[in-house]
Amino acid sequence: MYDHLLVALDGSPAAERVLDHAEALATAFGSTITLLRATISAEMFIAEAAGGDATVGQLGPTMDPGPVVSADGAEATEYLERIAARLRQHNVTVNAEHPQGSAEHVIVDRAKALDISLILMTTHGRSGLGRMFFGSVADSVLRHAPCPVLLVRITDVEGATAP
């Protein structure tokens, strides 16, 4: 039923709280897990850098996104391999990916491309103003995913840090 699981992570301990659920499902169904962490793209970096103090008609300083993009990719590789190694110790088949782009788009796009059976991720469960100001990756994934989504709700009391 759940041949291929996609586990979306952001590098935080709160997001890792989904791993116990993913491991249990992978063990029960003999599933492969793909760990996924979206990383910053050059376009995202430039857009963020340009959003600074420049006024209309004025360009901000030119910045080379290469070092930032490269460092984020290297950190993601190290992080995902550390998580994958823990899961492999329990005889779970694990792959890891860190494509560039916004998390909500990367998760949905990779789920489609990999023919994922189930997406697993955590959510803070914000509503109202919290969702309006911070957005909700989980909400976007839930609305656009090509497969079922398992959301594990994390509260600040459980050790999550709200942005």
# chains A, B, ... in the order shown; residues from 1 in each chain; ligands from 1

$ residues_around --residues "Ala38 in chain A" --least-positions-apart "5" --cutoff "8 Å" --atoms "only C-alpha atoms" --output "number ranges by chain"
A: 10, 98-103, 106-107

$ residues_around --residues "Gly66 in chain A" --least-positions-apart "3" --cutoff "12 Å" --atoms "only C-alpha atoms" --output "number ranges by chain"
A: 40-46, 63, 69-73

$ select_by_dssp --residues "chain A" --states "helix (DSSP H, G or I)" --output "ChimeraX atom specification"
/A:15-29,42-50,66-88,103-113,129-134,137-144,156-158

$ select_by_dssp --residues "chain A" --states "strand (DSSP E or B)" --output "list of chain:residue names"
A:His4, A:Leu5, A:Leu6, A:Val7, A:Ala8, A:Thr32, A:Ile33, A:Thr34, A:Leu35, A:Leu36, A:Thr39, A:Thr93, A:Val94, A:Asn95, A:Ala96, A:Glu97, A:Gln100, A:Leu118, A:Ile119, A:Leu120, A:Met121, A:Thr122, A:Thr123, A:Val149, A:Leu150, A:Leu151, A:Val152, A:Arg153

$ residues_around --residues "Leu87 in chain A" --least-positions-apart "6" --cutoff "8 Å" --atoms "only C-alpha atoms" --output "MDAnalysis selection string"
chainID A and resid 23 93:94

$ closest_residue --among "A:Val68, A:Ile116, A:Val92, A:Leu36" --to "His4 in chain A" --atoms "only C-alpha atoms"
A:Ile116

$ residues_around --residues "Arg143 in chain A" --least-positions-apart "5" --cutoff "12 Å" --atoms "only C-alpha atoms" --output "count of residues only"
9
